[in-house]
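Okay, protein12.cif now, which holds mmCIF, N, CA and C atoms:
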data_query
#
loop_
_atom_site.label_atom_id
_atom_site.label_comp_id
_atom_site.auth_asym_id
_atom_site.auth_seq_id
_atom_site.Cartn_x
_atom_site.Cartn_y
_atom_site.Cartn_z
N THR K 7 257.57 4.23 -25.71
CA THR K 7 258.01 4.41 -24.34
C THR K 7 257.34 5.64 -23.75
N LEU K 8 256.79 5.49 -22.57
CA LEU K 8 256.15 6.62 -21.91
C LEU K 8 257.18 7.47 -21.20
N PRO K 9 256.99 8.81 -21.19
CA PRO K 9 257.90 9.66 -20.44
C PRO K 9 257.80 9.35 -18.95
N ASP K 10 258.87 9.56 -18.23
CA ASP K 10 258.90 9.32 -16.79
C ASP K 10 258.54 10.60 -16.06
N PRO K 11 257.30 10.69 -15.47
CA PRO K 11 256.92 11.92 -14.79
C PRO K 11 257.75 12.20 -13.54
N GLY K 12 258.50 11.21 -13.07
CA GLY K 12 259.35 11.42 -11.91
C GLY K 12 260.76 11.86 -12.26
N ALA K 13 261.06 11.92 -13.56
CA ALA K 13 262.41 12.31 -13.99
C ALA K 13 262.63 13.80 -13.74
N PRO K 14 263.84 14.19 -13.36
CA PRO K 14 264.12 15.61 -13.15
C PRO K 14 264.15 16.36 -14.48
N PRO K 15 263.92 17.67 -14.44
CA PRO K 15 264.03 18.47 -15.66
C PRO K 15 265.46 18.40 -16.21
N THR K 16 265.58 18.57 -17.51
CA THR K 16 266.88 18.56 -18.18
C THR K 16 267.16 19.95 -18.74
N ALA K 17 268.28 20.54 -18.35
CA ALA K 17 268.69 21.86 -18.86
C ALA K 17 269.80 21.68 -19.87
N VAL K 18 269.65 22.33 -21.04
CA VAL K 18 270.62 22.21 -22.12
C VAL K 18 270.72 23.56 -22.83
N ILE K 19 271.89 23.89 -23.35
CA ILE K 19 272.05 25.04 -24.24
C ILE K 19 271.86 24.51 -25.65
N GLU K 20 270.88 25.05 -26.35
CA GLU K 20 270.54 24.59 -27.69
C GLU K 20 270.40 25.80 -28.62
N ASN K 21 271.17 25.81 -29.68
CA ASN K 21 271.15 26.94 -30.62
C ASN K 21 271.39 28.28 -29.93
N GLY K 22 272.28 28.25 -28.91
CA GLY K 22 272.65 29.48 -28.21
C GLY K 22 271.63 29.96 -27.21
N ARG K 23 270.63 29.11 -26.90
CA ARG K 23 269.60 29.50 -25.94
C ARG K 23 269.43 28.40 -24.88
N GLN K 24 269.12 28.83 -23.68
CA GLN K 24 268.90 27.90 -22.58
C GLN K 24 267.55 27.22 -22.75
N THR K 25 267.53 25.89 -22.59
CA THR K 25 266.27 25.16 -22.65
C THR K 25 266.10 24.33 -21.39
N LEU K 26 264.85 24.07 -21.05
CA LEU K 26 264.49 23.23 -19.91
C LEU K 26 263.40 22.29 -20.40
N THR K 27 263.66 20.99 -20.33
CA THR K 27 262.68 19.99 -20.77
C THR K 27 262.24 19.18 -19.56
N PHE K 28 260.92 18.99 -19.44
CA PHE K 28 260.37 18.28 -18.29
C PHE K 28 259.09 17.56 -18.69
N THR K 29 258.69 16.61 -17.87
CA THR K 29 257.44 15.89 -18.08
C THR K 29 256.45 16.32 -17.00
N ARG K 30 255.23 16.63 -17.44
CA ARG K 30 254.18 17.05 -16.51
C ARG K 30 252.92 16.24 -16.75
N LEU K 31 252.06 16.24 -15.75
CA LEU K 31 250.73 15.67 -15.92
C LEU K 31 249.96 16.57 -16.88
N THR K 32 249.17 15.98 -17.76
CA THR K 32 248.40 16.76 -18.72
C THR K 32 247.41 17.65 -17.98
N PRO K 33 247.39 18.96 -18.28
CA PRO K 33 246.44 19.86 -17.62
C PRO K 33 245.01 19.53 -18.03
N PRO K 34 244.03 19.80 -17.17
CA PRO K 34 244.21 20.25 -15.79
C PRO K 34 244.63 19.09 -14.90
N SER K 35 245.44 19.38 -13.90
CA SER K 35 245.89 18.35 -12.98
C SER K 35 245.97 18.93 -11.57
N ALA K 36 246.38 18.12 -10.64
CA ALA K 36 246.50 18.55 -9.24
C ALA K 36 247.80 19.29 -8.99
N VAL K 37 248.61 19.46 -10.04
CA VAL K 37 249.91 20.11 -9.90
C VAL K 37 249.98 21.30 -10.86
N ILE K 38 250.51 22.43 -10.37
CA ILE K 38 250.75 23.60 -11.19
C ILE K 38 252.25 23.65 -11.49
N TYR K 39 252.59 23.80 -12.75
CA TYR K 39 253.99 23.84 -13.20
C TYR K 39 254.29 25.27 -13.66
N ASP K 40 255.16 25.96 -12.97
CA ASP K 40 255.54 27.33 -13.33
C ASP K 40 257.02 27.37 -13.67
N ILE K 41 257.33 28.00 -14.80
CA ILE K 41 258.72 28.30 -15.14
C ILE K 41 259.04 29.64 -14.50
N GLN K 42 260.19 29.72 -13.84
CA GLN K 42 260.62 30.97 -13.21
C GLN K 42 261.99 31.36 -13.75
N ILE K 43 262.24 32.68 -13.72
CA ILE K 43 263.49 33.26 -14.23
C ILE K 43 264.17 34.01 -13.09
N SER K 44 265.51 33.94 -13.06
CA SER K 44 266.30 34.71 -12.11
C SER K 44 267.55 35.23 -12.81
N GLU K 45 267.98 36.39 -12.39
CA GLU K 45 269.25 36.95 -12.87
C GLU K 45 270.35 36.77 -11.83
N ASP K 46 269.97 36.37 -10.58
CA ASP K 46 270.98 36.28 -9.52
C ASP K 46 270.87 35.01 -8.66
N LEU K 47 269.97 34.12 -8.98
CA LEU K 47 269.71 32.89 -8.22
C LEU K 47 269.15 33.14 -6.82
N LEU K 48 268.86 34.39 -6.47
CA LEU K 48 268.27 34.71 -5.18
C LEU K 48 266.79 35.06 -5.30
N SER K 49 266.46 35.91 -6.25
CA SER K 49 265.06 36.29 -6.46
C SER K 49 264.58 35.67 -7.77
N TRP K 50 263.38 35.10 -7.72
CA TRP K 50 262.80 34.40 -8.86
C TRP K 50 261.48 35.05 -9.22
N ARG K 51 261.15 35.04 -10.51
CA ARG K 51 259.91 35.65 -10.98
C ARG K 51 259.35 34.85 -12.14
N LEU K 52 258.07 35.07 -12.42
CA LEU K 52 257.47 34.48 -13.61
C LEU K 52 257.95 35.26 -14.83
N PRO K 53 258.08 34.61 -15.96
CA PRO K 53 258.56 35.31 -17.16
C PRO K 53 257.54 36.32 -17.67
N ASN K 54 258.04 37.39 -18.23
CA ASN K 54 257.19 38.36 -18.91
C ASN K 54 256.82 37.78 -20.27
N PRO K 55 255.73 38.27 -20.89
CA PRO K 55 255.37 37.77 -22.22
C PRO K 55 256.54 37.89 -23.19
N GLY K 56 256.81 36.82 -23.92
CA GLY K 56 257.87 36.81 -24.91
C GLY K 56 259.24 36.41 -24.39
N GLU K 57 259.40 36.24 -23.07
CA GLU K 57 260.72 35.86 -22.53
C GLU K 57 261.03 34.38 -22.71
N ILE K 58 260.00 33.54 -22.81
CA ILE K 58 260.20 32.12 -23.04
C ILE K 58 259.21 31.63 -24.09
N SER K 59 259.53 30.52 -24.70
CA SER K 59 258.57 29.83 -25.56
C SER K 59 258.42 28.41 -25.02
N GLN K 60 257.24 27.83 -25.21
CA GLN K 60 256.98 26.47 -24.76
C GLN K 60 256.50 25.63 -25.92
N GLU K 61 257.01 24.40 -25.98
CA GLU K 61 256.63 23.46 -27.03
C GLU K 61 256.34 22.12 -26.39
N ILE K 62 255.21 21.52 -26.74
CA ILE K 62 254.89 20.17 -26.26
C ILE K 62 255.52 19.19 -27.24
N LEU K 63 256.49 18.43 -26.75
CA LEU K 63 257.23 17.49 -27.59
C LEU K 63 256.50 16.15 -27.74
N ALA K 64 255.79 15.74 -26.69
CA ALA K 64 255.08 14.46 -26.70
C ALA K 64 253.92 14.52 -25.73
N SER K 65 252.88 13.77 -26.04
CA SER K 65 251.71 13.69 -25.16
C SER K 65 251.07 12.32 -25.34
N ASP K 66 250.77 11.68 -24.21
CA ASP K 66 250.11 10.37 -24.29
C ASP K 66 248.71 10.40 -23.70
N GLY K 67 248.19 11.59 -23.43
CA GLY K 67 246.87 11.72 -22.82
C GLY K 67 246.93 11.85 -21.31
N PHE K 68 248.00 11.37 -20.69
CA PHE K 68 248.18 11.46 -19.24
C PHE K 68 249.33 12.39 -18.87
N THR K 69 250.39 12.35 -19.66
CA THR K 69 251.55 13.20 -19.41
C THR K 69 251.95 13.92 -20.69
N GLN K 70 252.68 15.02 -20.51
CA GLN K 70 253.23 15.77 -21.64
C GLN K 70 254.70 16.03 -21.37
N THR K 71 255.51 15.90 -22.41
CA THR K 71 256.90 16.33 -22.34
C THR K 71 256.97 17.72 -22.94
N VAL K 72 257.44 18.68 -22.15
CA VAL K 72 257.42 20.09 -22.53
C VAL K 72 258.85 20.61 -22.60
N LYS K 73 259.14 21.37 -23.65
CA LYS K 73 260.44 22.04 -23.76
C LYS K 73 260.20 23.54 -23.71
N VAL K 74 260.87 24.19 -22.75
CA VAL K 74 260.80 25.64 -22.58
C VAL K 74 262.13 26.21 -23.06
N THR K 75 262.07 27.26 -23.88
CA THR K 75 263.27 27.89 -24.40
C THR K 75 263.28 29.35 -24.00
N ASP K 76 264.39 29.79 -23.43
CA ASP K 76 264.59 31.20 -23.10
C ASP K 76 264.85 31.95 -24.40
N THR K 77 264.17 33.06 -24.62
CA THR K 77 264.36 33.81 -25.86
C THR K 77 265.61 34.67 -25.83
N LYS K 78 266.22 34.84 -24.64
CA LYS K 78 267.46 35.61 -24.53
C LYS K 78 268.64 34.68 -24.82
N PRO K 79 269.47 35.03 -25.81
CA PRO K 79 270.63 34.18 -26.10
C PRO K 79 271.61 34.14 -24.92
N VAL K 80 272.27 33.00 -24.76
CA VAL K 80 273.32 32.86 -23.76
C VAL K 80 274.55 33.59 -24.29
N GLY K 81 275.19 34.36 -23.44
CA GLY K 81 276.38 35.07 -23.88
C GLY K 81 276.84 36.06 -22.84
N PRO K 82 277.71 36.99 -23.25
CA PRO K 82 278.22 37.97 -22.30
C PRO K 82 277.10 38.85 -21.78
N GLY K 83 277.34 39.41 -20.62
CA GLY K 83 276.34 40.27 -20.00
C GLY K 83 275.72 39.58 -18.80
N ALA K 84 274.60 40.10 -18.38
CA ALA K 84 273.93 39.56 -17.19
C ALA K 84 273.45 38.13 -17.45
N PRO K 85 273.77 37.22 -16.54
CA PRO K 85 273.30 35.84 -16.72
C PRO K 85 271.80 35.74 -16.44
N ARG K 86 271.21 34.65 -16.90
CA ARG K 86 269.80 34.40 -16.61
C ARG K 86 269.64 32.89 -16.40
N TYR K 87 268.81 32.53 -15.44
CA TYR K 87 268.62 31.14 -15.06
C TYR K 87 267.15 30.80 -15.14
N LEU K 88 266.84 29.55 -15.46
CA LEU K 88 265.48 29.04 -15.47
C LEU K 88 265.33 27.95 -14.43
N ARG K 89 264.15 27.86 -13.84
CA ARG K 89 263.85 26.73 -12.97
C ARG K 89 262.37 26.39 -13.12
N LEU K 90 262.04 25.17 -12.72
CA LEU K 90 260.68 24.68 -12.73
C LEU K 90 260.18 24.62 -11.29
N LYS K 91 259.09 25.31 -11.01
CA LYS K 91 258.47 25.28 -9.68
C LYS K 91 257.16 24.53 -9.78
N MET K 92 256.99 23.52 -8.93
CA MET K 92 255.78 22.71 -8.91
C MET K 92 255.07 22.95 -7.59
N THR K 93 253.77 23.24 -7.66
CA THR K 93 252.96 23.43 -6.46
C THR K 93 251.64 22.69 -6.62
N ALA K 94 251.03 22.37 -5.51
CA ALA K 94 249.72 21.70 -5.54
C ALA K 94 248.67 22.72 -5.99
N ALA K 95 247.80 22.29 -6.87
CA ALA K 95 246.70 23.15 -7.33
C ALA K 95 245.73 23.36 -6.17
N PRO K 96 245.12 24.54 -6.12
CA PRO K 96 244.15 24.80 -5.03
C PRO K 96 242.91 23.93 -5.15
#
Let's see the structure in the file written out as structure tokens.
Amino acid sequence: TLPDPGAPPTAVIENGRQTLTFTRLTPPSAVIYDIQISEDLLSWRLPNPGEISQEILASDGFTQTVKVTDTKPVGPGAPRYLRLKMTAAP
């Protein structure tokens, strides 16, 4: 079964960490996929090195299913949110 590139990202807490799984066109493509982080849902930024990990779960040559994991455990303290931003490549 091929992944559905039109499916929305899936957010799950896994092993105490926030994950975001999505399907993208295999790079290079006409779409840029950026993971962004927010602590307040108002301002968003790109992650600093080491804040997230990315794993390609499946690839069929046209699309890839990618799982992004936040390295900060979910728990007490300041919350953190992930989102996927898609923009057209220049």
Once the PyMOL selection byres ((chain K and resi 31) around 8) is applied to the coordinates I shared, what remains selected? I want it as a ChimeraX atom specification. /K:11,28-30,32-37,67-71
Decode the PyMOL selection byres ((chain K and resi 94) around 6.5) for the given file into explicit residues and return them as JSON, numbers by chain. {"K": [36, 37, 38, 92, 93, 95, 96]}
How many Å separate CA of Ala17 in chain K from atom N of Tyr39 in chain K?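 Atom-to-atom, CA of Ala17 in chain K and atom N of Tyr39 in chain K are spaced 17.3 Å apart.
Taking only N, CA and C atoms into account, Leu26 in chain K lies nearest to K:Leu88 out of the set K:Leu88, K:Leu52, K:Ile43, K:Val80.
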Report as JSON, numbers by chain all protein, DNA and RNA residues lying within 7 Å of Ile41 in chain K, evaluated on only N, CA and C atoms, omitting residues in the same chain fewer than 6 positions from it. {"K": [51, 52, 53, 88, 89, 90, 91]}
Writing out the chosen residues with N, CA and C atoms as a PDB file, keeping the file's coordinate frame:
ATOM      1  N   ARG K  51     261.150  35.040 -10.510  1.00  0.00           N
ATOM      2  CA  ARG K  51     259.910  35.650 -10.980  1.00  0.00           C
ATOM      3  C   ARG K  51     259.350  34.850 -12.140  1.00  0.00           C
ATOM      4  N   LEU K  52     258.070  35.070 -12.420  1.00  0.00           N
ATOM      5  CA  LEU K  52     257.470  34.480 -13.610  1.00  0.00           C
ATOM      6  C   LEU K  52     257.950  35.260 -14.830  1.00  0.00           C
ATOM      7  N   PRO K  53     258.080  34.610 -15.960  1.00  0.00           N
ATOM      8  CA  PRO K  53     258.560  35.310 -17.160  1.00  0.00           C
ATOM      9  C   PRO K  53     257.540  36.320 -17.670  1.00  0.00           C
ATOM     10  N   LEU K  88     266.840  29.550 -15.460  1.00  0.00           N
ATOM     11  CA  LEU K  88     265.480  29.040 -15.470  1.00  0.00           C
ATOM     12  C   LEU K  88     265.330  27.950 -14.430  1.00  0.00           C
ATOM     13  N   ARG K  89     264.150  27.860 -13.840  1.00  0.00           N
ATOM     14  CA  ARG K  89     263.850  26.730 -12.970  1.00  0.00           C
ATOM     15  C   ARG K  89     262.370  26.390 -13.120  1.00  0.00           C
ATOM     16  N   LEU K  90     262.040  25.170 -12.720  1.00  0.00           N
ATOM     17  CA  LEU K  90     260.680  24.680 -12.730  1.00  0.00           C
ATOM     18  C   LEU K  90     260.180  24.620 -11.290  1.00  0.00           C
ATOM     19  N   LYS K  91     259.090  25.310 -11.010  1.00  0.00           N
ATOM     20  CA  LYS K  91     258.470  25.280  -9.680  1.00  0.00           C
ATOM     21  C   LYS K  91     257.160  24.530  -9.780  1.00  0.00           C
TER      22      LYS K  91
END
Neighbouring residues of Gly81 in chain K were defined as those with any atom within 8 Å, considering all atoms listed in the file; residues of the same chain fewer than 3 positions away were excluded. Please report them as a PyMOL selection string. chain K and resi 22-23+78+84-86
Specify as a list in words each residue included when the PyMOL selection byres ((chain K and resi 59) around 6.5) is applied to this file.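 Taken on the displayed file, the PyMOL selection byres ((chain K and resi 59) around 6.5) yields the residues Gly56, Glu57, Ile58, Gln60, Glu61, Lys73, Val74, Thr75, Asp76 and Thr77 of chain K.
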Just asking: which residues within chain K are strand (DSSP E or B) according to DSSP, as a PyMOL selection string? chain K and resi 16-20+23-31+37-44+51+58-65+69-79+87-94
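You can rank K:Glu20, K:Val72, K:Pro55, K:Trp50 by their closest distance to Tyr87 in chain K using only C-alpha atoms, and at the top of that list sits K:Trp50.
CA of Asp40 in chain K lies 12.5 Å from CA of Asn54 in chain K.
Computed from the coordinates, the CA of Asp46 in chain K to CA of Thr16 in chain K distance equals 20.1 Å.
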